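Structure first, then comments.
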Amino acid sequence: PNAPAMDGLTLYYHTACRKFVGRPCGLLYMLEYQKVPFEVKLPEEAPADALPFFAVPMIVTKAGVSMSQTPAIMQFVGKAIGLGGGSPAEEAHAMMIVLNMQDILGEWGRGTPPLKENPERLRKWFGVLEAELAAAGSGYIAGPSLTYADFFCYPSLVSRYDHLDTLTGVEKAEFPKLGAYITHMQGLLTDARASLVAKGYPMDP
């Protein structure tokens with residue numbers, strides 16, 4: 001709540017997000033939803049004086065702050081635009097959920113077997129997310145209100161939830177709150193999605 005408002009930023013990513021959106025999908029949704037001005041440029045257009053970074057996405061704010069790493073970007077921007085959580089405890093909770101989701105993404109196609117082919121482990125991970133939604137009781141994933149954790153988790157959950165039955169043998173019906181959450185977020189972001197698509201960003205979802 002005490003964070004300064006962000007008056008805009010530049011995102012650097014492959015194809016400037018014109019052919020595919022990829023990892024910054026949640027960031028674009030968050031910026032558009034909160035009506036924060038932004039532009040997207042190619043990685044090679046990143047300024048020479050930006051902090052060293054290994055890979056895009058990378059951002060530079062109007063105030064000159066530069067950073068990479070998607071979870072860190074989401075937390076920093078989310079807090080600056082009023083989506084960081086309403087208390088220190090909520091801020092910490094949101095980051096924990098983001099890192100849980102990051103682990104799910106990292107394990108999805110890796111390991112022996114990968115997460116998408118490991119029903120027991122997948123049920124455990126998705127069970128954690130289901131329990132988070134039950135505990136929140138708000139329709140959001142990290143407490144009583146919308147946070148950057150929702151924008152981080154939603155895009156990555158859609159395809160994985162949609163393919164549960166075919167990829168793993170785990171049924172969607174086992175996670176009804178996740179299904180309701182995805183529907184809720186789709187409705188919430190309908191206008192933002194339409195606006196982003198009109199600007200030339202192929203949003204998926």
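Letters A, B, ... mark the chains of the structure tokens in the order given; residue numbers begin at 1 per chain; ligand numbers begin at 1, in order shown.
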DSSP on the backbone: what in stretch 108-196 of chain A comes out alpha helix (DSSP H), as JSON, numbers by chain?
{"A": [108, 119, 120, 121, 122, 123, 124, 125, 126, 127, 128, 129, 130, 131, 132, 133, 134, 135, 136, 148, 149, 150, 151, 152, 153, 154, 155, 156, 157, 158, 159, 160, 161, 162, 164, 165, 166, 167, 168, 176, 177, 178, 179, 180, 181, 182, 183, 184, 185, 186, 187, 188, 190, 191, 192, 193, 194, 195, 196]}
Write out, as CSV, each residue of stretch 17-87 of chain A that has an atom at most 12 Å from stretch 127-144 of chain A, together with the closest pair of atoms and their distance in Å to one decimal, counting only C-alpha atoms, rows going by chain and rising number.
residue,atom,partner,partner_atom,distance
A:Leu83,CA,A:Ala142,CA,10.8
A:Gly84,CA,A:Ala142,CA,10.1
A:Gly85,CA,A:Gly143,CA,8.1
A:Gly86,CA,A:Pro144,CA,8.8
A:Ser87,CA,A:Gly143,CA,10.5
Just the selected residues (N, CA, C and O atoms), exported as a compact mmCIF listing (two decimals), in the first residue's frame, please.
# COMPACT_ATOMS: atom_id res chain seq x y z
N LEU A 83 -0.87 -4.43 -6.22
CA LEU A 83 -1.25 -5.85 -6.27
C LEU A 83 -0.25 -6.73 -5.52
O LEU A 83 -0.08 -7.89 -5.84
N GLY A 84 0.39 -6.15 -4.52
CA GLY A 84 1.42 -6.89 -3.80
C GLY A 84 0.96 -7.60 -2.56
O GLY A 84 1.73 -8.31 -1.92
N GLY A 85 -0.31 -7.42 -2.19
CA GLY A 85 -0.81 -7.96 -0.93
C GLY A 85 -1.01 -6.84 0.07
O GLY A 85 -0.30 -5.84 0.05
N GLY A 86 -1.99 -7.03 0.97
CA GLY A 86 -2.37 -5.95 1.86
C GLY A 86 -1.58 -5.87 3.15
O GLY A 86 -1.82 -4.97 3.97
N SER A 87 -0.64 -6.77 3.38
CA SER A 87 0.16 -6.78 4.61
C SER A 87 1.45 -7.52 4.33
O SER A 87 1.56 -8.24 3.32
Among the residues of stretch 3-184 of chain A, find those DSSP assigns to strand (DSSP E or B) from the backbone and print them as a VMD selection string.
chain A and resid 9 to 12 38 to 41 58 to 61 66 to 68 111 114
Same residues, all heavy atoms, output as a CSV table (one decimal), in the first residue's frame:
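So again36.csv came out as:
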chain,number,residue,atom,x,y,z
A,9,LEU,N,6.6,1.2,-18.0
A,9,LEU,CA,7.9,0.4,-18.1
A,9,LEU,C,8.0,-0.1,-19.5
A,9,LEU,O,7.1,-0.1,-20.3
A,9,LEU,CB,7.9,-0.8,-17.1
A,9,LEU,CG,6.8,-1.9,-17.2
A,9,LEU,CD1,7.1,-2.9,-18.3
A,9,LEU,CD2,6.7,-2.6,-15.9
A,10,THR,N,9.2,-0.6,-19.8
A,10,THR,CA,9.5,-1.2,-21.1
A,10,THR,C,9.9,-2.7,-20.8
A,10,THR,O,10.7,-2.9,-19.9
A,10,THR,CB,10.7,-0.5,-21.8
A,10,THR,OG1,10.3,0.8,-22.1
A,10,THR,CG2,10.9,-1.2,-23.2
A,11,LEU,N,9.3,-3.6,-21.5
A,11,LEU,CA,9.5,-5.0,-21.4
A,11,LEU,C,10.4,-5.4,-22.6
A,11,LEU,O,10.0,-5.0,-23.7
A,11,LEU,CB,8.2,-5.8,-21.3
A,11,LEU,CG,8.3,-7.3,-21.6
A,11,LEU,CD1,9.0,-8.0,-20.4
A,11,LEU,CD2,6.9,-7.9,-21.7
A,12,TYR,N,11.4,-6.2,-22.4
A,12,TYR,CA,12.2,-6.8,-23.5
A,12,TYR,C,12.0,-8.3,-23.5
A,12,TYR,O,12.2,-9.0,-22.5
A,12,TYR,CB,13.7,-6.5,-23.2
A,12,TYR,CG,13.9,-5.0,-23.2
A,12,TYR,CD1,13.8,-4.3,-22.0
A,12,TYR,CD2,14.2,-4.3,-24.4
A,12,TYR,CE1,14.0,-2.9,-22.0
A,12,TYR,CE2,14.4,-2.9,-24.3
A,12,TYR,CZ,14.3,-2.2,-23.2
A,12,TYR,OH,14.5,-0.8,-23.1
A,38,PHE,N,2.9,0.7,-21.0
A,38,PHE,CA,4.1,-0.1,-21.3
A,38,PHE,C,4.3,-0.2,-22.8
A,38,PHE,O,3.4,0.0,-23.6
A,38,PHE,CB,3.9,-1.6,-20.7
A,38,PHE,CG,2.8,-2.4,-21.4
A,38,PHE,CD1,3.2,-3.2,-22.5
A,38,PHE,CD2,1.5,-2.3,-21.0
A,38,PHE,CE1,2.3,-4.0,-23.1
A,38,PHE,CE2,0.6,-3.1,-21.7
A,38,PHE,CZ,0.9,-3.9,-22.8
A,39,GLU,N,5.5,-0.6,-23.1
A,39,GLU,CA,5.9,-1.0,-24.4
A,39,GLU,C,6.8,-2.2,-24.4
A,39,GLU,O,7.4,-2.5,-23.4
A,39,GLU,CB,6.6,0.2,-25.2
A,39,GLU,CG,7.9,0.6,-24.5
A,39,GLU,CD,8.5,1.8,-25.3
A,39,GLU,OE1,8.3,1.9,-26.5
A,39,GLU,OE2,9.3,2.5,-24.6
A,40,VAL,N,6.8,-3.0,-25.5
A,40,VAL,CA,7.6,-4.2,-25.6
A,40,VAL,C,8.6,-4.1,-26.7
A,40,VAL,O,8.2,-3.7,-27.8
A,40,VAL,CB,6.7,-5.4,-25.7
A,40,VAL,CG1,7.5,-6.7,-25.6
A,40,VAL,CG2,5.6,-5.5,-24.7
A,41,LYS,N,9.8,-4.4,-26.4
A,41,LYS,CA,10.9,-4.3,-27.4
A,41,LYS,C,11.6,-5.6,-27.5
A,41,LYS,O,11.5,-6.5,-26.6
A,41,LYS,CB,11.9,-3.1,-27.1
A,41,LYS,CG,11.2,-1.8,-27.1
A,41,LYS,CD,12.3,-0.7,-26.9
A,41,LYS,CE,11.6,0.7,-27.0
A,41,LYS,NZ,12.7,1.8,-26.8
A,58,MET,N,13.0,-9.1,-19.4
A,58,MET,CA,13.7,-8.1,-18.6
A,58,MET,C,12.9,-6.8,-18.7
A,58,MET,O,12.3,-6.6,-19.8
A,58,MET,CB,15.1,-7.9,-19.1
A,58,MET,CG,16.0,-7.1,-18.2
A,58,MET,SD,16.0,-5.3,-18.5
A,58,MET,CE,17.0,-5.2,-19.9
A,59,ILE,N,12.8,-6.0,-17.7
A,59,ILE,CA,12.1,-4.8,-17.7
A,59,ILE,C,13.0,-3.6,-17.3
A,59,ILE,O,14.0,-3.8,-16.6
A,59,ILE,CB,10.9,-4.8,-16.8
A,59,ILE,CG1,11.3,-4.9,-15.3
A,59,ILE,CG2,9.9,-5.9,-17.2
A,59,ILE,CD1,10.2,-4.5,-14.3
A,60,VAL,N,12.6,-2.4,-17.8
A,60,VAL,CA,13.2,-1.2,-17.3
A,60,VAL,C,12.1,-0.2,-17.1
A,60,VAL,O,11.2,0.0,-18.0
A,60,VAL,CB,14.2,-0.6,-18.4
A,60,VAL,CG1,14.7,0.8,-17.8
A,60,VAL,CG2,15.3,-1.5,-18.7
A,61,THR,N,12.0,0.3,-15.8
A,61,THR,CA,10.9,1.2,-15.5
A,61,THR,C,11.2,2.6,-16.0
A,61,THR,O,12.4,2.9,-16.3
A,61,THR,CB,10.6,1.2,-14.0
A,61,THR,OG1,11.7,1.8,-13.3
A,61,THR,CG2,10.5,-0.2,-13.5
A,66,SER,N,16.0,-1.6,-13.6
A,66,SER,CA,16.0,-2.7,-14.5
A,66,SER,C,16.2,-4.0,-13.7
A,66,SER,O,16.8,-4.1,-12.7
A,66,SER,CB,17.2,-2.6,-15.5
A,66,SER,OG,18.5,-2.6,-14.8
A,67,MET,N,15.5,-5.1,-14.3
A,67,MET,CA,15.6,-6.4,-13.6
A,67,MET,C,15.1,-7.4,-14.5
A,67,MET,O,14.3,-7.2,-15.5
A,67,MET,CB,14.8,-6.4,-12.3
A,67,MET,CG,13.3,-6.1,-12.5
A,67,MET,SD,12.4,-5.9,-10.9
A,67,MET,CE,12.9,-7.3,-10.0
A,68,SER,N,15.5,-8.7,-14.3
A,68,SER,CA,15.0,-9.8,-15.0
A,68,SER,C,14.5,-10.8,-13.9
A,68,SER,O,14.4,-10.4,-12.8
A,68,SER,CB,16.1,-10.5,-15.8
A,68,SER,OG,17.2,-10.9,-15.0
A,111,GLY,N,12.4,-34.6,-15.3
A,111,GLY,CA,12.4,-35.6,-14.2
A,111,GLY,C,12.1,-37.0,-14.8
A,111,GLY,O,11.8,-37.1,-16.0
A,114,PRO,N,8.6,-37.1,-15.6
A,114,PRO,CA,8.3,-35.7,-15.4
A,114,PRO,C,6.9,-35.5,-14.7
A,114,PRO,O,6.1,-36.5,-14.6
A,114,PRO,CB,8.2,-35.1,-16.9
A,114,PRO,CG,7.8,-36.3,-17.7
A,114,PRO,CD,8.5,-37.5,-17.0
Counting only C-alpha atoms, which residue out of A:Met6, A:Leu122, A:Cys17, A:Leu164 sits closest to A:Ile81?
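Smallest separation from A:Ile81 among the options: A:Met6.
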For A:Arg123, list every protein, DNA or RNA residue within 10 Å, evaluated using only C-alpha atoms, and leave out those in the same chain fewer than 5 positions away; present the list as a ChimeraX atom specification.
/A:115,118,128-130,168,170-171,174-175
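For the choices A:Val197, A:Ala16, A:Ala192, A:Val21, the atom-to-atom distance to A:Glu44 is smallest for A:Ala16 when using only C-alpha atoms.
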So that I can see what lies close to A:Gly82, please list as an mmCIF file with N, CA and C atoms, in the first residue's frame the residues with an atom at most 12 Å from it, counting only C-alpha atoms and leaving out residues fewer than 3 positions away in the same chain.
data_model
loop_
_atom_site.group_PDB
_atom_site.id
_atom_site.type_symbol
_atom_site.label_atom_id
_atom_site.label_comp_id
_atom_site.auth_asym_id
_atom_site.auth_seq_id
_atom_site.Cartn_x
_atom_site.Cartn_y
_atom_site.Cartn_z
ATOM 1 N N PRO A 1 0.807 -1.218 0.000
ATOM 2 C CA PRO A 1 0.000 0.000 0.000
ATOM 3 C C PRO A 1 0.840 1.269 0.000
ATOM 4 N N ASN A 2 2.047 1.233 0.573
ATOM 5 C CA ASN A 2 2.895 2.421 0.622
ATOM 6 C C ASN A 2 3.840 2.526 -0.569
ATOM 7 N N ALA A 3 3.789 1.535 -1.474
ATOM 8 C CA ALA A 3 4.684 1.560 -2.629
ATOM 9 C C ALA A 3 4.262 2.671 -3.591
ATOM 10 N N PRO A 4 5.221 3.323 -4.231
ATOM 11 C CA PRO A 4 4.868 4.361 -5.190
ATOM 12 C C PRO A 4 4.213 3.757 -6.425
ATOM 13 N N ALA A 5 3.338 4.532 -7.033
ATOM 14 C CA ALA A 5 2.712 4.078 -8.274
ATOM 15 C C ALA A 5 3.769 4.003 -9.367
ATOM 16 N N MET A 6 3.574 3.082 -10.300
ATOM 17 C CA MET A 6 4.503 2.940 -11.412
ATOM 18 C C MET A 6 3.906 3.629 -12.637
ATOM 19 N N MET A 30 -1.403 -8.150 -16.163
ATOM 20 C CA MET A 30 -1.403 -7.319 -14.969
ATOM 21 C C MET A 30 -1.290 -5.835 -15.322
ATOM 22 N N LEU A 31 -0.392 -5.507 -16.226
ATOM 23 C CA LEU A 31 -0.223 -4.119 -16.632
ATOM 24 C C LEU A 31 -1.477 -3.581 -17.309
ATOM 25 N N TYR A 33 -4.578 -4.747 -17.075
ATOM 26 C CA TYR A 33 -5.688 -4.721 -16.134
ATOM 27 C C TYR A 33 -5.632 -3.474 -15.249
ATOM 28 N N GLN A 34 -4.419 -3.104 -14.834
ATOM 29 C CA GLN A 34 -4.244 -1.932 -13.978
ATOM 30 C C GLN A 34 -4.012 -0.646 -14.781
ATOM 31 N N LYS A 35 -4.071 -0.766 -16.105
ATOM 32 C CA LYS A 35 -3.921 0.393 -16.996
ATOM 33 C C LYS A 35 -2.582 1.115 -16.786
ATOM 34 N N VAL A 36 -1.534 0.314 -16.666
ATOM 35 C CA VAL A 36 -0.182 0.855 -16.549
ATOM 36 C C VAL A 36 0.425 0.944 -17.948
ATOM 37 N N MET A 74 7.370 -9.820 -11.348
ATOM 38 C CA MET A 74 5.954 -9.811 -10.969
ATOM 39 C C MET A 74 5.773 -9.236 -9.563
ATOM 40 N N GLN A 75 6.636 -9.625 -8.645
ATOM 41 C CA GLN A 75 6.528 -9.107 -7.281
ATOM 42 C C GLN A 75 6.791 -7.603 -7.241
ATOM 43 N N PHE A 76 7.860 -7.173 -7.885
ATOM 44 C CA PHE A 76 8.241 -5.759 -7.867
ATOM 45 C C PHE A 76 7.157 -4.891 -8.493
ATOM 46 N N VAL A 77 6.724 -5.279 -9.691
ATOM 47 C CA VAL A 77 5.698 -4.489 -10.388
ATOM 48 C C VAL A 77 4.365 -4.583 -9.647
ATOM 49 N N GLY A 78 4.011 -5.794 -9.216
ATOM 50 C CA GLY A 78 2.748 -5.964 -8.516
ATOM 51 C C GLY A 78 2.642 -5.085 -7.287
ATOM 52 N N LYS A 79 3.697 -5.049 -6.499
ATOM 53 C CA LYS A 79 3.684 -4.209 -5.296
ATOM 54 C C LYS A 79 3.572 -2.736 -5.662
ATOM 55 N N GLY A 85 -0.309 -7.417 -2.192
ATOM 56 C CA GLY A 85 -0.811 -7.959 -0.928
ATOM 57 C C GLY A 85 -1.012 -6.841 0.073
ATOM 58 N N GLY A 86 -1.985 -7.028 0.973
ATOM 59 C CA GLY A 86 -2.366 -5.951 1.865
ATOM 60 C C GLY A 86 -1.576 -5.866 3.155
ATOM 61 N N SER A 87 -0.637 -6.773 3.380
ATOM 62 C CA SER A 87 0.155 -6.779 4.609
ATOM 63 C C SER A 87 1.453 -7.523 4.329
ATOM 64 N N GLU A 91 2.083 -10.381 1.492
ATOM 65 C CA GLU A 91 3.165 -10.267 0.512
ATOM 66 C C GLU A 91 4.003 -11.548 0.495
ATOM 67 N N SER A 145 -7.677 -10.825 -1.611
ATOM 68 C CA SER A 145 -7.785 -9.920 -2.754
ATOM 69 C C SER A 145 -6.865 -10.350 -3.899
ATOM 70 N N LEU A 146 -7.102 -9.751 -5.045
ATOM 71 C CA LEU A 146 -6.301 -10.001 -6.237
ATOM 72 C C LEU A 146 -4.866 -9.550 -6.009
ATOM 73 N N THR A 147 -3.888 -10.401 -6.367
ATOM 74 C CA THR A 147 -2.476 -10.049 -6.258
ATOM 75 C C THR A 147 -1.736 -10.476 -7.519
ATOM 76 N N TYR A 148 -0.483 -10.080 -7.569
ATOM 77 C CA TYR A 148 0.355 -10.495 -8.706
ATOM 78 C C TYR A 148 0.469 -12.009 -8.807
#
Considering only C-alpha atoms, can you say which of A:Arg110, A:Lys116, A:Arg18, A:Lys62 comes closest to A:His163?
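Answer, going by the shortest atom-to-atom distance: A:Lys116.
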As JSON, numbers by chain, please: the residues near A:Glu32 (cut-off 10 Å, only C-alpha atoms, same-chain neighbours under 3 positions excluded).
{"A": [26, 27, 28, 29, 35, 36, 37, 38, 189, 191, 192, 193, 195, 196]}
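Proximity of A:Val65, A:Ile104, A:Ala173, A:Ile73 to A:Arg121, computed with only C-alpha atoms, is greatest for A:Ile104.
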Tell me, in Å to one decimal, how far atom CA of A:Trp125 is from atom CA of A:Ser156.
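Answer for the atom CA of A:Trp125 to atom CA of A:Ser156 separation: 13.7 Å.
Distances to A:His14 were evaluated for A:Pro57, A:Pro119, A:Pro155, A:Pro52 using only C-alpha atoms, and the minimum falls at A:Pro57.
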Compile the contact shell of A:Thr183 as a PyMOL selection string: residues with an atom at most 12 Å away, counting only C-alpha atoms, same-chain residues fewer than 2 positions apart removed.
chain A and resi 139-140+154-155+157-158+161-162+176-181+185-190+205
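With only C-alpha atoms as the atoms that count, the minimum distance from A:Glu117 to the choices A:Thr166, A:Thr15, A:Pro43, A:Asp49 is reached by A:Thr166.
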